[in-house]
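What follows is a set of notes on a single structure, which appears directly below.
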Amino acid sequence: MTSEPQASTAEDRLKGLHERLGGIAYGGDYNPEQWPRDVWLEDARLMQEAGVNLVTLAVFSWSRLETSDGVYDFGWLDDVMDLMHRHGIGVDLATPDAVPPAWLTQQHPDIHPVLADGTTFGFGSRQHFDVSHPVYRRKALALAERMGEHYAKHPALRMWHVGNEYGPLSYGPWADKAFRGWLQQKYSSLEDLNQAWSTDVWGQVYSDWSQVGVPAQPRTWSNPSRRLDFHRFTSASMLDHYTAVRDILRRHTPDLPIVTNFMRFYKTNDYWAWAAEEDAAALDIYPDPREADSHVAAALNFDLMRSLRNGQPWMVMEQATGAVSQWPINVSKLPGKMRLGSYQAIAQGSDGILFFQWRQARGGTERYHSAMVGHAGPITRIFREVCELGTELKSLAGLTGTRSSAKVAIVFDWDCWWALELGNSPRSDLNYAQEVLRLYRPLFDANVTVDFVDTKRDLSQYSLVLMPAAYLLTDESARRFEDYVSDGGRLVVSYLSGIVDESNTIRLGGYPGALRNVLGAWSEEMHPLAGDGEEVKLTLSDGGTASAGYWTEHLHTDGADVLASYASGRLAGAPAVTRNAFGRGSAVYLSARVDATFLSALLDAECKAAGVHPELDGPRGVQVRRRAGKGKRFLFMLNHNDAPASVNVGGGGTDLLTGHPVQGAVELPPSGVLVLEENSVEDTRLEDRRTADAATNDTTR
Ligand code: GAL
């Protein structure tokens with residue numbers, strides 16, 4: 001990876017961005033090349049009406065910016081940039097490397113990515129490149145250089161957007177060569193690789209580096225260690241391309257933020273590594289309006305974005321005003337839901353609300369995808385809502401740069417994700433994101449703010465850490481979690497954590513090998529339950545009952561207390577859930593997927609014991625979050641219910657959306673939002689409470 005030329009810090013660059021934008025970023029992807037010039041004028045006028053201050057240009061414009069090899073045409077984009085500037089609208093300029101043009105792939109058909117089965121993607125969609133292809137890389141960098149040089153001084157330029165949703169794995173010849181080179185860097189010798197990949201299993205021993213390559217479609221199951229390394233390689237090689245583009249742009253514009261857009265629950269790229277190379281995390285988020293609780297998975301992704309750069313504000317880079325067009329059934333958002341989702345993102349640390357896209361296309365693949373201005377023009381409910389939100393967001397300018405704090409962390413780690421889902425395990429339907437969501441949900445429902453951490457993070461700031469299916473732990477990470485507990489932390493570990501080492505090789509001596517010491521318990525055998533809803537009963541140590549499904553284990557204690565035992569099925573009588581006092585802390589082990597009620601009660605008890613409180617007690621379905629900074633504290637209340645909800649805001653403060661003072665009981669309409677700048681009384685109370693918590697926590701540890 002290249003080292004980034006330093007001028008200002010990411011924080012300085014973001015501060016500069018929001019100062020120039022006058023607050024929260026608001027706008028969306030703008031594709032003027034799809035429209036005649038008279039529409040551009042109307043666009044600029046309507047953008048002003050909607051309060052837009054930032055548009056993303058050129059995401060898919062390579063074929064219009066470099067019309068044939070080395071022939072660049074920036075004239076039309078200059079005109080659009082000038083037009084935006086004249087209307088006071090900033091530009092988030094994209095490098096269009098997601099779509100190598102037809103002339104380029106015609107010259108070099110092997111730029112197209114190859115699937116594991118050897119089929120090649122054809123031209124006609126996007127992300128149709130193998131990032132290891134040297135010509136693709138060279139041409140993409142050359143275009144970035146030109147764009148950086150040409151637009152560095154343009155007064156509309158506010159930030160850069162590199163590529164779009166970096167994506168495809170390729171198993172083609174260029175990836176093959178690059179993967180081999182990456183492995184040669186990683187392993188000191190071929191023997192080392194043979195050991196790490198357990199190649200003696202099924203006689204896969206390599207005797208020369210030229211035999212080693214991408215894990216193309218095997219006859220049956222393939223080597224999980226090799227495939228894990230291939231995931232690591234793919235993420236790293238795409239990131240390497242991103243950082244090369246970034247470094248070019250940084251040289252031209254040292255003080256502008258540079259980002260790329262992430263996706264929800266996106267497995268291909270290790271976003272911890274990626275976010276470290278960006279100025280801000282930026283997320284494309286498309287919750288499905290058909291799912292009543294889609295805001296919970298969205299919340300998880302928002303908290304992940306907030307955590308990726310250690311609490312620094314992030315941005316919604318894309319969302320829909322109404323329906324998307326990529327699913328089998330594309331349902332539109334009900335009135336008020338786009339606004340609610342936008343405030344949810346802001347409550348959880350976003351300083352930008354952007355949409356895909358400004359104007360709904362009349363042709364092409366996404367012509368049915370909603371936009372800020374739809375096919376009917378600006379005379380619609382959606383455009384009215386867009387304008388209203390744009391006006392409201394102006395009153396939240398003081399929020400930018402503020403942060404949230406959390407005393408609970410949940411582990412989310414791409415190595416764990418890749419290794420867990422590689423198959424060849426006791427069940428093939430393991431879904432890492434769903435395992436994380438399962439432990440996240442009770443805390444979300446209880447309005448306990450959480451951070452996410454990877455397995456390498458220092459945990460000392462947290463009173464409680466949850467570890468859902470953290471399947472792969474290095475020796476060093478395992479030691480860090482153990483030290484965290486022994487220093488007084490509380491840890492909750494679910495099944496399928498700490499099973500394998502760095503090479504995806506099983507840790508011996510009883511599962512979960514990396515954690516059996518701290519857990520004071522170990523399993524001799526995994527017992528997944530049948531997929532047809534099979535359940536077992538549990539007896540709780542307080543005499544209560546619960547149930548478990550999907551996953552169970554034959555667990556033994558080795559010092560831990562039993563919180564629940566299996567009461568039916570083949571493991572009846574054996575421990576199911578344990579808690580171990582370890583050093584000054586404790587570690588809970590869930591050997592089974594326990595039911596939601598028991599899980600909530602267990603996590604509630606852990607929170608209480610760790611001195612962790614909800615942001616505020618509110619009715620179910622009302623999300624409460626806080627952001628603070630610059631001597632101010634903001635309280636968000638979001639009613640995700642379809643019915644009104646009454647909440648008590650105590651000492652209260654000023655409602656930023658109406659400018660009115662608010663205190664005591666407040667009624668939130670369905671999908672209603674309250675953003676309160678808390679008054680000083682509340683500030684002091686909260687500060688006192690946090691100090692008291694810290695003291696209690698010190699004694700409970
Ligand atoms: C995103 C993509 C956009 C648009 C959008 C539709 O994944 O970056 O270009 O296709 O989906 O929802």
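By convention here, the chains of the structure tokens are called A, B, ... in the order presented, each chain's residues are numbered starting at 1, and ligands are numbered starting at 1 in the order presented.
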
Could you give me, as a VMD selection string, every polymer residue with an atom at most 6 Å away from an atom of ligand 1, counting only C-alpha atoms and all ligand atoms? chain A and resid 164 to 165 324 356

Among range 176-392 of chain A, which residues does DSSP mark as helix (DSSP H, G or I) when it is run on the backbone? Keep the chain and numbering as in the structure and answer as an MDAnalysis selection string. chainID A and resid 176:186 190:196 209:211 224:252 271:275 294:308 337:347 381:392

With C-alpha atoms kept, could you save the residues just selected as a compact mmCIF listing (two decimals), in the first residue's frame?
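This is the output file part15.txt:
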# COMPACT_ATOMS: atom_id res chain seq x y z
CA ASP A 176 -4.09 -15.26 -10.68
CA LYS A 177 -0.68 -13.69 -11.22
CA ALA A 178 -1.26 -10.95 -8.65
CA PHE A 179 -2.55 -13.45 -6.07
CA ARG A 180 0.60 -15.53 -6.47
CA GLY A 181 2.75 -12.43 -5.94
CA TRP A 182 0.70 -11.48 -2.87
CA LEU A 183 1.18 -14.98 -1.41
CA GLN A 184 4.92 -14.84 -2.06
CA GLN A 185 5.04 -11.64 -0.02
CA LYS A 186 2.93 -13.15 2.73
CA LEU A 190 6.29 -22.48 -0.23
CA GLU A 191 6.58 -24.89 2.68
CA ASP A 192 5.15 -22.19 4.91
CA LEU A 193 2.16 -21.87 2.57
CA ASN A 194 1.71 -25.66 2.42
CA GLN A 195 1.58 -25.71 6.23
CA ALA A 196 -0.79 -22.76 6.52
CA TRP A 209 5.16 -21.43 -6.84
CA SER A 210 3.94 -21.59 -10.43
CA GLN A 211 1.36 -24.21 -9.29
CA PRO A 224 -10.89 -23.13 3.07
CA SER A 225 -7.49 -21.64 3.97
CA ARG A 226 -6.73 -20.91 0.34
CA ARG A 227 -10.10 -19.30 -0.15
CA LEU A 228 -9.66 -17.18 2.97
CA ASP A 229 -6.37 -15.85 1.63
CA PHE A 230 -8.06 -15.15 -1.69
CA HIS A 231 -10.66 -12.97 0.07
CA ARG A 232 -7.89 -11.11 1.87
CA PHE A 233 -6.02 -10.63 -1.39
CA THR A 234 -9.08 -9.36 -3.25
CA SER A 235 -9.91 -6.74 -0.63
CA ALA A 236 -6.26 -5.67 -0.41
CA SER A 237 -5.76 -5.43 -4.17
CA MET A 238 -8.85 -3.29 -4.67
CA LEU A 239 -7.79 -1.11 -1.77
CA ASP A 240 -4.37 -0.80 -3.32
CA HIS A 241 -6.00 0.61 -6.44
CA TYR A 242 -8.15 2.97 -4.37
CA THR A 243 -5.13 4.33 -2.48
CA ALA A 244 -3.22 4.84 -5.74
CA VAL A 245 -6.09 6.98 -7.11
CA ARG A 246 -6.43 8.75 -3.77
CA ASP A 247 -2.74 9.65 -3.67
CA ILE A 248 -2.99 11.27 -7.10
CA LEU A 249 -6.00 13.33 -6.09
CA ARG A 250 -4.43 14.25 -2.75
CA ARG A 251 -1.41 15.67 -4.54
CA HIS A 252 -3.66 17.97 -6.55
CA TYR A 271 -14.03 -1.92 5.58
CA TRP A 272 -11.78 -1.48 8.65
CA ALA A 273 -8.76 -1.51 6.37
CA TRP A 274 -10.53 0.62 3.77
CA ALA A 275 -11.89 3.27 6.13
CA SER A 294 -35.51 -2.83 8.18
CA HIS A 295 -34.45 0.19 10.26
CA VAL A 296 -32.74 -2.18 12.73
CA ALA A 297 -30.29 -3.60 10.18
CA ALA A 298 -29.86 -0.05 8.86
CA ALA A 299 -29.03 1.08 12.40
CA LEU A 300 -26.40 -1.63 12.68
CA ASN A 301 -24.79 -0.47 9.45
CA PHE A 302 -24.93 3.17 10.61
CA ASP A 303 -23.21 2.30 13.89
CA LEU A 304 -20.63 0.34 11.95
CA MET A 305 -19.93 3.36 9.72
CA ARG A 306 -19.61 5.57 12.82
CA SER A 307 -17.17 3.10 14.33
CA LEU A 308 -14.97 2.49 11.28
CA LYS A 337 -40.18 7.34 5.92
CA MET A 338 -37.45 8.89 3.79
CA ARG A 339 -37.28 11.77 6.29
CA LEU A 340 -37.25 9.37 9.23
CA GLY A 341 -34.46 7.26 7.72
CA SER A 342 -32.45 10.41 7.01
CA TYR A 343 -32.71 11.60 10.61
CA GLN A 344 -31.87 8.11 11.82
CA ALA A 345 -28.58 8.28 9.93
CA ILE A 346 -27.86 11.76 11.31
CA ALA A 347 -28.72 10.62 14.84
CA ARG A 381 -45.09 14.28 -3.03
CA ILE A 382 -41.50 13.04 -3.17
CA PHE A 383 -40.13 16.34 -4.42
CA ARG A 384 -42.11 18.18 -1.73
CA GLU A 385 -40.59 15.91 0.92
CA VAL A 386 -37.13 16.44 -0.58
CA CYS A 387 -37.56 20.23 -0.37
CA GLU A 388 -38.91 20.08 3.17
CA LEU A 389 -36.00 17.97 4.34
CA GLY A 390 -33.52 20.29 2.60
CA THR A 391 -35.02 23.24 4.46
CA GLU A 392 -35.02 21.46 7.81

Compile a residue-level contact table for range 437-524 of chain A against range 619-640 of chain A at a cut-off of 10 Å, reporting for every qualifying residue the shortest atom pair and its distance in Å to one decimal, with only C-alpha atoms counted, rows ordered by chain and ascending number, as CSV.
residue,atom,partner,partner_atom,distance
A:Phe444,CA,A:Gln623,CA,7.8
A:Asp445,CA,A:Arg620,CA,6.9
A:Ala446,CA,A:Arg620,CA,8.1
A:Asn447,CA,A:Val624,CA,5.9
A:Val448,CA,A:Arg625,CA,8.5
A:Thr449,CA,A:Arg625,CA,7.2

If you run DSSP on the backbone, which residues of range 375-581 of chain A are strand (DSSP E), as an MDAnalysis selection string? chainID A and resid 408:411 450:453 464:467 490:494 521:528 535:540 545:549 551:557 561:566 575:581

Would you mind telling me which residue in A:Ala156, A:Val205, A:Ala292, A:Leu422 lies nearest to Trp221 in chain A when using only C-alpha atoms? A:Leu422

So that I can see what lies close to Ser586 in chain A, please list as a ChimeraX atom specification the residues with an atom at most 9 Å from it, counting only C-alpha atoms and leaving out residues fewer than 4 positions away in the same chain. /A:485-486,488-492,518-519,579-582,701

Residues just named, written with all heavy atoms as a short mmCIF file (atom, residue, chain, number, x, y, z; two decimals), in the first residue's frame:
data_model
loop_
_atom_site.label_atom_id
_atom_site.label_comp_id
_atom_site.auth_asym_id
_atom_site.auth_seq_id
_atom_site.Cartn_x
_atom_site.Cartn_y
_atom_site.Cartn_z
N VAL A 485 -10.88 -8.98 29.88
CA VAL A 485 -11.72 -9.52 30.95
C VAL A 485 -10.93 -9.52 32.26
O VAL A 485 -11.45 -9.08 33.30
CB VAL A 485 -12.22 -10.94 30.60
CG1 VAL A 485 -13.04 -11.52 31.75
CG2 VAL A 485 -13.05 -10.92 29.33
N SER A 486 -9.71 -9.95 32.20
CA SER A 486 -8.98 -10.04 33.46
C SER A 486 -8.79 -8.65 34.07
O SER A 486 -8.73 -8.50 35.28
CB SER A 486 -7.70 -10.84 33.25
OG SER A 486 -6.60 -10.05 33.28
N GLY A 488 -11.07 -6.46 34.18
CA GLY A 488 -12.36 -6.01 34.71
C GLY A 488 -13.47 -5.88 33.69
O GLY A 488 -14.57 -5.48 34.03
N GLY A 489 -13.22 -6.20 32.42
CA GLY A 489 -14.26 -6.08 31.40
C GLY A 489 -15.26 -7.22 31.46
O GLY A 489 -14.98 -8.28 32.03
N ARG A 490 -16.43 -7.00 30.88
CA ARG A 490 -17.43 -8.07 30.77
C ARG A 490 -17.53 -8.45 29.29
O ARG A 490 -17.68 -7.59 28.42
CB ARG A 490 -18.79 -7.60 31.27
CG ARG A 490 -18.79 -7.14 32.72
CD ARG A 490 -20.19 -6.84 33.20
NE ARG A 490 -20.90 -8.08 33.51
CZ ARG A 490 -20.93 -8.63 34.72
NH1 ARG A 490 -20.31 -8.05 35.74
NH2 ARG A 490 -21.60 -9.76 34.92
N LEU A 491 -17.47 -9.74 29.05
CA LEU A 491 -17.47 -10.25 27.67
C LEU A 491 -18.63 -11.23 27.51
O LEU A 491 -18.88 -12.04 28.41
CB LEU A 491 -16.13 -10.96 27.43
CG LEU A 491 -15.84 -11.53 26.05
CD1 LEU A 491 -15.68 -10.42 25.01
CD2 LEU A 491 -14.54 -12.36 26.08
N VAL A 492 -19.35 -11.13 26.38
CA VAL A 492 -20.39 -12.12 26.05
C VAL A 492 -20.00 -12.72 24.71
O VAL A 492 -19.89 -12.00 23.70
CB VAL A 492 -21.79 -11.48 25.97
CG1 VAL A 492 -22.83 -12.50 25.52
CG2 VAL A 492 -22.19 -10.87 27.31
N VAL A 518 -10.64 -18.16 29.16
CA VAL A 518 -11.40 -17.04 29.73
C VAL A 518 -12.86 -17.43 29.99
O VAL A 518 -13.50 -16.93 30.91
CB VAL A 518 -11.28 -15.79 28.80
CG1 VAL A 518 -11.98 -15.98 27.50
CG2 VAL A 518 -11.79 -14.55 29.49
N LEU A 519 -13.37 -18.37 29.19
CA LEU A 519 -14.77 -18.78 29.36
C LEU A 519 -14.94 -19.79 30.49
O LEU A 519 -16.06 -19.99 30.98
CB LEU A 519 -15.31 -19.39 28.06
CG LEU A 519 -15.44 -18.44 26.88
CD1 LEU A 519 -15.91 -19.18 25.63
CD2 LEU A 519 -16.39 -17.29 27.20
N ARG A 579 -21.34 -18.49 32.80
CA ARG A 579 -20.63 -17.23 33.08
C ARG A 579 -19.42 -17.55 33.95
O ARG A 579 -19.55 -18.25 34.95
CB ARG A 579 -21.52 -16.22 33.79
CG ARG A 579 -20.78 -14.89 34.00
CD ARG A 579 -21.54 -13.87 34.85
NE ARG A 579 -22.65 -13.25 34.16
CZ ARG A 579 -23.90 -13.29 34.58
NH1 ARG A 579 -24.21 -13.97 35.68
NH2 ARG A 579 -24.84 -12.68 33.92
N ASN A 580 -18.28 -17.04 33.56
CA ASN A 580 -17.05 -17.35 34.28
C ASN A 580 -16.46 -16.08 34.88
O ASN A 580 -16.27 -15.09 34.17
CB ASN A 580 -16.03 -17.96 33.28
CG ASN A 580 -14.83 -18.54 33.97
OD1 ASN A 580 -14.95 -19.12 35.06
ND2 ASN A 580 -13.66 -18.40 33.36
N ALA A 581 -16.19 -16.12 36.17
CA ALA A 581 -15.48 -15.00 36.78
C ALA A 581 -14.01 -15.18 36.43
O ALA A 581 -13.45 -16.28 36.61
CB ALA A 581 -15.67 -15.02 38.29
N PHE A 582 -13.40 -14.16 35.87
CA PHE A 582 -12.02 -14.29 35.39
C PHE A 582 -11.29 -13.01 35.73
O PHE A 582 -11.66 -11.93 35.24
CB PHE A 582 -12.05 -14.53 33.87
CG PHE A 582 -10.71 -14.86 33.28
CD1 PHE A 582 -10.22 -16.16 33.27
CD2 PHE A 582 -9.92 -13.85 32.72
CE1 PHE A 582 -8.99 -16.47 32.71
CE2 PHE A 582 -8.69 -14.14 32.15
CZ PHE A 582 -8.22 -15.45 32.15
N ARG A 701 -15.94 -3.72 38.35
CA ARG A 701 -14.89 -4.46 37.62
C ARG A 701 -14.00 -5.27 38.54
O ARG A 701 -13.48 -4.81 39.52
CB ARG A 701 -14.02 -3.48 36.84
CG ARG A 701 -14.70 -3.13 35.54
CD ARG A 701 -13.86 -2.19 34.77
NE ARG A 701 -14.31 -2.20 33.38
CZ ARG A 701 -13.50 -1.92 32.35
NH1 ARG A 701 -12.23 -1.67 32.52
NH2 ARG A 701 -13.97 -1.95 31.14
#

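Proximity ranking of A:Asn424, A:Thr539, A:Ser591, A:Thr365 relative to His556 in chain A places A:Ser591 first, based on only C-alpha atoms.
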
Which residues are close to range 104-115 of chain A, i.e. within 9 Å by only C-alpha atoms, leaving aside same-chain residues fewer than 5 positions away? Reply as a list in words. Ser68, Asp69, Thr120, Phe121, Gly122, Phe123, Gln127, His128, Phe129, Asp130, Val131, Ser132, His133, Pro134, Val135, Tyr136, Lys139, Pro168, Leu169, Ser170, Tyr171, Gly172, Pro173, Trp174, Ala175, Ala216 and Gln217 of chain A

Shell of 12 Å around Trp35 in chain A, only C-alpha atoms, local chain residues under 2 positions omitted, as a list in words: Tyr30, Asn31, Pro32, Glu33, Arg37, Asp38, Val39, Trp40, Leu41, Glu42, Asp43, Trp76, Val80, Trp358, Arg359, Gln360, Ala361, Arg362 and Gly363 of chain A

Tell me, as a list in words, which residues lie within 9 Å of Leu57 in chain A, counting only C-alpha atoms; anything in the same chain fewer than 5 positions away does not count. Gly28, Asp29, Tyr30, Asn31, Pro32, Leu77, Val80, Met81, Val91, Asp92, Leu93, Ala94, Thr95 and His161 of chain A

Rounded to one decimal, what separation in Å do you get between CA of Ala572 in chain A and CA of Ser497 in chain A? 22.9 Å

So, with only C-alpha atoms as the atoms that count, which of A:Leu334, A:Ala609, A:Ala596, A:Val647 lies closest to Ser671 in chain A? A:Leu334

Which residues are close to Gln204 in chain A, i.e. within 9 Å by only C-alpha atoms, leaving aside same-chain residues fewer than 3 positions away? Reply as JSON, numbers by chain. {"A": [194, 198, 199, 200, 201, 223]}

Which residue out of A:Leu256, A:Ala280, A:Ile285, A:Cys416 has the minimum interatomic distance to Gly349 in chain A when only C-alpha atoms are used? A:Ala280

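Remark: for Tyr72 in chain A, the closest of the candidate residues A:Ala142, A:Ala281, A:Ile329, A:Leu14 is A:Ala142 (distances computed over only C-alpha atoms).
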
Calculate how many Å separate CA of Ser395 in chain A from CA of Met372 in chain A, rounding to one decimal.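 Straight-line distance from CA of Ser395 in chain A to CA of Met372 in chain A works out to 20.5 Å.
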
Counting only C-alpha atoms, figure out which residue out of A:Glu606, A:Asp293, A:Asp78, A:Glu677 gets nearest to Leu443 in chain A.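 Among the listed residues, the smallest separation from Leu443 in chain A belongs to A:Glu606.
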